>>> print(open('input.txt').read())   # compact mmCIF, N, CA and C atoms
# COMPACT_ATOMS: atom_id res chain seq x y z
N ASP A 245 -20.61 16.47 -47.86
CA ASP A 245 -20.11 15.20 -47.35
C ASP A 245 -18.58 15.25 -47.33
N ILE A 246 -18.06 15.13 -46.14
CA ILE A 246 -16.61 15.16 -45.95
C ILE A 246 -16.15 13.75 -45.61
N LEU A 247 -15.17 13.26 -46.34
CA LEU A 247 -14.59 11.97 -45.99
C LEU A 247 -13.68 12.15 -44.79
N ALA A 248 -13.46 11.08 -44.07
CA ALA A 248 -12.58 11.13 -42.91
C ALA A 248 -11.15 11.40 -43.36
N PRO A 249 -10.39 12.17 -42.58
CA PRO A 249 -8.99 12.40 -42.95
C PRO A 249 -8.19 11.11 -42.81
N ASP A 250 -7.05 11.05 -43.48
CA ASP A 250 -6.18 9.88 -43.41
C ASP A 250 -5.53 9.73 -42.04
N LEU A 251 -5.30 10.86 -41.38
CA LEU A 251 -4.67 10.86 -40.07
C LEU A 251 -4.92 12.21 -39.40
N ALA A 252 -5.16 12.16 -38.09
CA ALA A 252 -5.28 13.39 -37.30
C ALA A 252 -4.31 13.28 -36.13
N ILE A 253 -3.58 14.37 -35.88
CA ILE A 253 -2.63 14.40 -34.77
C ILE A 253 -2.90 15.64 -33.94
N ALA A 254 -2.96 15.45 -32.62
CA ALA A 254 -3.16 16.57 -31.71
C ALA A 254 -1.99 16.58 -30.73
N TYR A 255 -1.09 17.55 -30.92
CA TYR A 255 0.09 17.65 -30.07
C TYR A 255 -0.24 18.37 -28.77
N ASN A 256 0.07 17.73 -27.64
CA ASN A 256 -0.14 18.33 -26.32
C ASN A 256 -1.51 19.01 -26.23
N ALA A 257 -2.53 18.30 -26.63
CA ALA A 257 -3.86 18.87 -26.83
C ALA A 257 -4.60 19.23 -25.55
N GLY A 258 -4.31 18.55 -24.46
CA GLY A 258 -5.03 18.84 -23.22
C GLY A 258 -6.51 18.54 -23.34
N ILE A 259 -6.86 17.46 -24.02
CA ILE A 259 -8.26 17.09 -24.23
C ILE A 259 -9.01 17.02 -22.91
N TRP A 260 -8.35 16.53 -21.88
CA TRP A 260 -8.97 16.40 -20.55
C TRP A 260 -9.37 17.75 -19.98
N GLY A 261 -8.73 18.82 -20.38
CA GLY A 261 -8.95 20.12 -19.75
C GLY A 261 -9.82 21.09 -20.52
N TYR A 262 -10.26 20.70 -21.69
CA TYR A 262 -11.04 21.62 -22.53
C TYR A 262 -12.30 20.93 -23.06
N ASP A 263 -13.46 21.32 -22.55
CA ASP A 263 -14.72 20.76 -23.04
C ASP A 263 -14.94 21.06 -24.52
N SER A 264 -14.24 22.04 -25.04
CA SER A 264 -14.38 22.39 -26.46
C SER A 264 -13.90 21.26 -27.37
N TRP A 265 -13.16 20.29 -26.84
CA TRP A 265 -12.75 19.13 -27.63
C TRP A 265 -13.90 18.17 -27.88
N ARG A 266 -14.89 18.12 -26.99
CA ARG A 266 -15.95 17.12 -27.07
C ARG A 266 -16.72 17.13 -28.40
N PRO A 267 -17.15 18.28 -28.92
CA PRO A 267 -17.85 18.25 -30.22
C PRO A 267 -16.96 17.75 -31.36
N THR A 268 -15.70 18.10 -31.33
CA THR A 268 -14.77 17.63 -32.37
C THR A 268 -14.61 16.12 -32.29
N LEU A 269 -14.42 15.60 -31.09
CA LEU A 269 -14.29 14.15 -30.92
C LEU A 269 -15.55 13.43 -31.34
N SER A 270 -16.70 13.96 -30.96
CA SER A 270 -17.97 13.36 -31.36
C SER A 270 -18.11 13.34 -32.88
N PHE A 271 -17.77 14.46 -33.52
CA PHE A 271 -17.81 14.55 -34.98
C PHE A 271 -16.90 13.50 -35.61
N MET A 272 -15.70 13.36 -35.07
CA MET A 272 -14.76 12.36 -35.60
C MET A 272 -15.29 10.95 -35.40
N CYS A 273 -15.92 10.69 -34.25
CA CYS A 273 -16.50 9.36 -34.00
C CYS A 273 -17.63 9.06 -34.97
N HIS A 274 -18.43 10.07 -35.25
CA HIS A 274 -19.55 9.89 -36.17
C HIS A 274 -19.09 9.89 -37.62
N ASN A 275 -17.82 10.14 -37.82
CA ASN A 275 -17.24 10.11 -39.16
C ASN A 275 -18.00 11.02 -40.11
N SER A 276 -18.00 12.28 -39.79
CA SER A 276 -18.66 13.33 -40.58
C SER A 276 -20.17 13.17 -40.62
N GLY A 277 -20.73 12.49 -39.64
CA GLY A 277 -22.18 12.36 -39.58
C GLY A 277 -22.75 11.30 -40.49
N SER A 278 -21.90 10.51 -41.12
CA SER A 278 -22.38 9.50 -42.04
C SER A 278 -22.99 8.33 -41.29
N ASN A 279 -24.00 7.72 -41.87
CA ASN A 279 -24.56 6.48 -41.32
C ASN A 279 -23.96 5.28 -42.02
N ASP A 280 -23.04 5.50 -42.93
CA ASP A 280 -22.43 4.45 -43.72
C ASP A 280 -21.23 3.87 -42.96
N ALA A 281 -21.38 2.67 -42.42
CA ALA A 281 -20.32 2.04 -41.64
C ALA A 281 -19.13 1.63 -42.49
N THR A 282 -19.24 1.76 -43.80
CA THR A 282 -18.11 1.39 -44.65
C THR A 282 -17.12 2.55 -44.78
N TYR A 283 -17.46 3.73 -44.29
CA TYR A 283 -16.53 4.85 -44.32
C TYR A 283 -15.26 4.46 -43.57
N VAL A 284 -14.16 4.98 -44.01
CA VAL A 284 -12.91 4.70 -43.31
C VAL A 284 -12.91 5.41 -41.97
N CYS A 285 -12.18 4.84 -41.03
CA CYS A 285 -12.01 5.46 -39.72
C CYS A 285 -10.82 6.41 -39.78
N THR A 286 -10.77 7.31 -38.83
CA THR A 286 -9.65 8.24 -38.75
C THR A 286 -8.68 7.80 -37.66
N PRO A 287 -7.45 7.48 -38.02
CA PRO A 287 -6.44 7.25 -36.99
C PRO A 287 -6.15 8.60 -36.30
N PHE A 288 -6.17 8.60 -34.98
CA PHE A 288 -6.01 9.84 -34.22
C PHE A 288 -4.93 9.62 -33.16
N ILE A 289 -3.84 10.37 -33.27
CA ILE A 289 -2.73 10.29 -32.32
C ILE A 289 -2.76 11.55 -31.46
N ILE A 290 -2.64 11.35 -30.16
CA ILE A 290 -2.68 12.47 -29.22
C ILE A 290 -1.45 12.40 -28.34
N THR A 291 -0.76 13.52 -28.18
CA THR A 291 0.38 13.56 -27.27
C THR A 291 0.00 14.40 -26.05
N ALA A 292 0.81 14.27 -25.01
CA ALA A 292 0.57 15.00 -23.76
C ALA A 292 1.90 15.30 -23.09
N TYR A 293 1.88 16.26 -22.18
CA TYR A 293 3.09 16.64 -21.45
C TYR A 293 3.50 15.59 -20.42
N THR A 294 2.52 14.83 -19.89
CA THR A 294 2.82 13.80 -18.89
C THR A 294 1.98 12.56 -19.18
N ILE A 295 2.37 11.45 -18.62
CA ILE A 295 1.60 10.22 -18.79
C ILE A 295 0.23 10.37 -18.12
N GLU A 296 0.18 11.09 -16.99
CA GLU A 296 -1.09 11.28 -16.29
C GLU A 296 -2.07 12.07 -17.16
N GLU A 297 -1.59 13.11 -17.83
CA GLU A 297 -2.47 13.88 -18.71
C GLU A 297 -2.91 13.03 -19.90
N CYS A 298 -2.03 12.19 -20.38
CA CYS A 298 -2.38 11.30 -21.49
C CYS A 298 -3.50 10.34 -21.07
N GLU A 299 -3.39 9.81 -19.85
CA GLU A 299 -4.44 8.92 -19.33
C GLU A 299 -5.76 9.67 -19.17
N ASP A 300 -5.69 10.92 -18.71
CA ASP A 300 -6.90 11.73 -18.58
C ASP A 300 -7.53 11.99 -19.95
N ASP A 301 -6.70 12.26 -20.95
CA ASP A 301 -7.20 12.43 -22.32
C ASP A 301 -7.93 11.17 -22.77
N ALA A 302 -7.37 10.00 -22.48
CA ALA A 302 -7.98 8.72 -22.88
C ALA A 302 -9.36 8.55 -22.25
N GLU A 303 -9.50 8.97 -21.00
CA GLU A 303 -10.80 8.86 -20.34
C GLU A 303 -11.86 9.70 -21.06
N VAL A 304 -11.49 10.91 -21.44
CA VAL A 304 -12.44 11.79 -22.14
C VAL A 304 -12.79 11.22 -23.51
N ILE A 305 -11.80 10.76 -24.25
CA ILE A 305 -12.06 10.19 -25.57
C ILE A 305 -12.99 9.00 -25.45
N SER A 306 -12.72 8.15 -24.47
CA SER A 306 -13.56 6.97 -24.24
C SER A 306 -15.00 7.36 -23.91
N GLU A 307 -15.17 8.35 -23.03
CA GLU A 307 -16.51 8.85 -22.67
C GLU A 307 -17.27 9.35 -23.88
N VAL A 308 -16.63 10.21 -24.65
CA VAL A 308 -17.29 10.80 -25.82
C VAL A 308 -17.65 9.71 -26.83
N ALA A 309 -16.74 8.77 -27.04
CA ALA A 309 -16.99 7.68 -27.99
C ALA A 309 -18.14 6.80 -27.53
N GLU A 310 -18.20 6.52 -26.23
CA GLU A 310 -19.30 5.71 -25.70
C GLU A 310 -20.64 6.42 -25.88
N GLU A 311 -20.68 7.72 -25.58
CA GLU A 311 -21.91 8.50 -25.75
C GLU A 311 -22.33 8.51 -27.22
N ALA A 312 -21.38 8.75 -28.11
CA ALA A 312 -21.68 8.79 -29.54
C ALA A 312 -22.13 7.42 -30.03
N GLY A 313 -21.47 6.37 -29.58
CA GLY A 313 -21.81 5.02 -30.00
C GLY A 313 -23.17 4.57 -29.50
N ALA A 314 -23.53 4.98 -28.28
CA ALA A 314 -24.83 4.61 -27.72
C ALA A 314 -25.97 5.18 -28.56
N LYS A 315 -25.77 6.38 -29.09
CA LYS A 315 -26.81 7.01 -29.91
C LYS A 315 -27.05 6.25 -31.22
N ARG A 316 -26.01 5.57 -31.72
CA ARG A 316 -26.12 4.85 -32.99
C ARG A 316 -26.04 3.35 -32.82
N ASN A 317 -25.94 2.88 -31.57
CA ASN A 317 -25.82 1.47 -31.28
C ASN A 317 -24.66 0.84 -32.05
N MET A 318 -23.52 1.55 -32.04
CA MET A 318 -22.33 1.11 -32.75
C MET A 318 -21.09 1.39 -31.91
N VAL A 319 -20.04 0.66 -32.20
CA VAL A 319 -18.74 0.98 -31.62
C VAL A 319 -18.14 2.04 -32.52
N LEU A 320 -17.80 3.20 -31.97
CA LEU A 320 -17.30 4.31 -32.78
C LEU A 320 -15.86 4.69 -32.44
N ALA A 321 -15.18 3.86 -31.64
CA ALA A 321 -13.78 4.13 -31.33
C ALA A 321 -13.11 2.85 -30.89
N HIS A 322 -11.86 2.74 -31.26
CA HIS A 322 -11.04 1.60 -30.85
C HIS A 322 -9.64 2.14 -30.53
N GLN A 323 -9.17 1.85 -29.33
CA GLN A 323 -7.84 2.34 -28.94
C GLN A 323 -6.78 1.46 -29.58
N LEU A 324 -5.92 2.06 -30.40
CA LEU A 324 -4.84 1.33 -31.05
C LEU A 324 -3.69 1.05 -30.09
N TRP A 325 -3.31 2.07 -29.30
CA TRP A 325 -2.39 1.83 -28.20
C TRP A 325 -2.73 2.77 -27.07
N ALA A 326 -2.61 2.22 -25.87
CA ALA A 326 -2.94 2.96 -24.65
C ALA A 326 -1.87 4.00 -24.36
N PRO A 327 -2.18 4.94 -23.47
CA PRO A 327 -1.18 5.95 -23.10
C PRO A 327 0.13 5.29 -22.67
N GLU A 328 1.21 5.80 -23.25
CA GLU A 328 2.54 5.30 -22.93
C GLU A 328 3.56 6.40 -23.17
N SER A 329 4.77 6.20 -22.67
CA SER A 329 5.84 7.15 -22.92
C SER A 329 6.15 7.19 -24.40
N ASN A 330 6.40 8.38 -24.90
CA ASN A 330 6.72 8.57 -26.31
C ASN A 330 8.23 8.60 -26.47
N PRO A 331 8.81 7.65 -27.18
CA PRO A 331 10.27 7.62 -27.32
C PRO A 331 10.82 8.80 -28.13
N PHE A 332 9.94 9.53 -28.79
CA PHE A 332 10.36 10.67 -29.61
C PHE A 332 10.11 12.01 -28.93
N SER A 333 9.80 11.99 -27.63
CA SER A 333 9.48 13.24 -26.92
C SER A 333 10.70 14.12 -26.76
N SER A 334 10.43 15.36 -26.42
CA SER A 334 11.52 16.31 -26.13
C SER A 334 12.28 15.84 -24.90
N ARG A 335 13.54 16.15 -24.85
CA ARG A 335 14.37 15.84 -23.68
C ARG A 335 14.59 17.09 -22.83
N ILE A 336 13.98 18.19 -23.24
CA ILE A 336 14.12 19.46 -22.52
C ILE A 336 12.88 19.66 -21.65
N GLU A 337 13.09 19.72 -20.35
CA GLU A 337 11.97 19.86 -19.42
C GLU A 337 11.35 21.25 -19.54
N ARG A 338 10.00 21.29 -19.56
CA ARG A 338 9.27 22.56 -19.54
C ARG A 338 9.18 23.04 -18.10
N GLN A 339 9.27 24.32 -17.92
CA GLN A 339 9.15 24.90 -16.58
C GLN A 339 7.68 25.19 -16.28
N THR A 340 6.90 24.14 -16.25
CA THR A 340 5.46 24.22 -16.00
C THR A 340 5.21 23.78 -14.56
N VAL A 341 4.30 24.45 -13.88
CA VAL A 341 4.03 24.10 -12.49
C VAL A 341 2.56 23.75 -12.30
N SER A 342 1.93 23.12 -13.25
CA SER A 342 0.52 22.76 -13.14
C SER A 342 0.27 21.85 -11.95
N VAL A 343 1.07 20.81 -11.82
CA VAL A 343 0.98 19.91 -10.68
C VAL A 343 2.38 19.79 -10.09
N PRO A 344 2.57 20.31 -8.88
CA PRO A 344 3.90 20.26 -8.27
C PRO A 344 4.45 18.83 -8.21
N GLY A 345 5.73 18.70 -8.53
CA GLY A 345 6.38 17.40 -8.49
C GLY A 345 6.40 16.66 -9.81
N ARG A 346 5.56 17.06 -10.75
CA ARG A 346 5.56 16.41 -12.07
C ARG A 346 6.56 17.11 -12.98
N LYS A 347 7.16 16.31 -13.85
CA LYS A 347 8.07 16.86 -14.85
C LYS A 347 7.32 16.86 -16.19
N TYR A 348 7.39 17.98 -16.87
CA TYR A 348 6.67 18.17 -18.13
C TYR A 348 7.65 18.25 -19.30
N PHE A 349 7.34 17.49 -20.35
CA PHE A 349 8.14 17.50 -21.57
C PHE A 349 7.19 17.56 -22.75
N GLU A 350 7.57 18.29 -23.80
CA GLU A 350 6.75 18.32 -25.02
C GLU A 350 6.58 16.88 -25.52
N ASN A 351 5.33 16.50 -25.79
CA ASN A 351 5.01 15.19 -26.37
C ASN A 351 5.58 14.02 -25.57
N SER A 352 5.57 14.14 -24.25
CA SER A 352 6.16 13.13 -23.37
C SER A 352 5.45 11.78 -23.45
N ALA A 353 4.15 11.81 -23.65
CA ALA A 353 3.36 10.57 -23.71
C ALA A 353 2.46 10.64 -24.93
N TRP A 354 2.01 9.48 -25.38
CA TRP A 354 1.12 9.45 -26.54
C TRP A 354 0.20 8.25 -26.49
N GLN A 355 -0.80 8.28 -27.35
CA GLN A 355 -1.76 7.21 -27.51
C GLN A 355 -2.35 7.33 -28.91
N ALA A 356 -3.03 6.28 -29.35
CA ALA A 356 -3.65 6.34 -30.67
C ALA A 356 -5.00 5.64 -30.65
N TRP A 357 -5.91 6.18 -31.44
CA TRP A 357 -7.27 5.67 -31.56
C TRP A 357 -7.66 5.56 -33.03
N LEU A 358 -8.65 4.72 -33.29
CA LEU A 358 -9.36 4.74 -34.57
C LEU A 358 -10.73 5.29 -34.24
N LEU A 359 -11.08 6.41 -34.82
CA LEU A 359 -12.38 7.03 -34.56
C LEU A 359 -13.26 6.90 -35.78
N GLY A 360 -14.46 6.47 -35.56
CA GLY A 360 -15.41 6.21 -36.65
C GLY A 360 -15.96 4.81 -36.49
N PRO A 361 -16.96 4.45 -37.28
CA PRO A 361 -17.54 3.11 -37.17
C PRO A 361 -16.47 2.04 -37.32
N THR A 362 -16.32 1.22 -36.29
CA THR A 362 -15.26 0.22 -36.28
C THR A 362 -15.67 -0.96 -35.42
N VAL A 363 -15.02 -2.05 -35.59
CA VAL A 363 -15.23 -3.23 -34.75
C VAL A 363 -13.89 -3.55 -34.10
N PRO A 364 -13.83 -3.58 -32.75
CA PRO A 364 -12.56 -3.85 -32.10
C PRO A 364 -12.08 -5.27 -32.39
N ASN A 365 -10.75 -5.48 -32.30
CA ASN A 365 -10.16 -6.81 -32.54
C ASN A 365 -10.56 -7.77 -31.45
>>> encode(input="input.txt", output="structure tokens")
Amino acid sequence: DILAPDLAIAYNAGIWGYDSWRPTLSFMCHNSGSNDATYVCTPFIITAYTIEECEDDAEVISEVAEEAGAKRNMVLAHQLWAPESNPFSSRIERQTVSVPGRKYFENSAWQAWLLGPTVPN
């Protein structure tokens, strides 16, 4: 039995681009597989190179949380803040050409979630 961590941070994780994130997100939503809704939730902060990637990450997190919650008839995720510009991001542009015309910066955007059995405000 593993208790939920106090905080999880994923820097420039690219959750939208890697299906390998889905089992980890599901595990975090299920809070180590516990059926005990009194377990603490895990605050999860995710950064991205662009606001668009951050929004794509949010879509995947939401999908996984909905799937996990449907299996247990519970809300298993609550977004603390939606994707937004990160005031602490790097000011040095990355020479990345994933999508022409976009400017990429380390930790340019961020969002936060509570993963685990929770009730939204």
>>> select_by_dssp(input="input.txt", residues="segment 274-351 of chain A", states="strand (DSSP E or B)", output="PyMOL selection string")
chain A and resi 286-292+321-329+337-338+348-349
>>> atom_distance(input="input.txt", atom1="atom CA of Thr268 of chain A", atom2="atom CA of Val308 of chain A")
9.8 Å
>>> residues_around(input="input.txt", residues="Leu358 of chain A", least_positions_apart="3", cutoff="6.5 Å", atoms="all atoms listed in the file", output="list in words")
Cys285, Thr286, Pro287, Phe288, Leu320, Ala321, His322, Gln323 and Leu324 of chain A
>>> atom_distance(input="input.txt", atom1="atom CA of Pro344 of chain A", atom2="atom C of Ala302 of chain A")
22.5 Å
>>> select_by_dssp(input="input.txt", residues="chain A", states="helix (DSSP H, G or I)", output="PyMOL selection string")
chain A and resi 259-261+265-273+295-316
>>> closest_residue(input="input.txt", among="A:Arg316, A:Asp300, A:Trp260, A:Ala353", to="Ser333 of chain A", atoms="only N, CA and C atoms")
A:Ala353
>>> atom_distance(input="input.txt", atom1="atom CA of Pro327 of chain A", atom2="atom CA of Lys315 of chain A")
26.5 Å
>>> closest_residue(input="input.txt", among="A:Phe271, A:Thr291, A:Ala312, A:Val319", to="Tyr255 of chain A", atoms="all atoms listed in the file")
A:Thr291
>>> closest_residue(input="input.txt", among="A:Val304, A:Thr294, A:Asn317, A:Trp325", to="Phe349 of chain A", atoms="all atoms listed in the file")
A:Thr294
>>> closest_residue(input="input.txt", among="A:Ser342, A:Asp301, A:His274, A:Asp250", to="Met318 of chain A", atoms="only C-alpha atoms")
A:His274
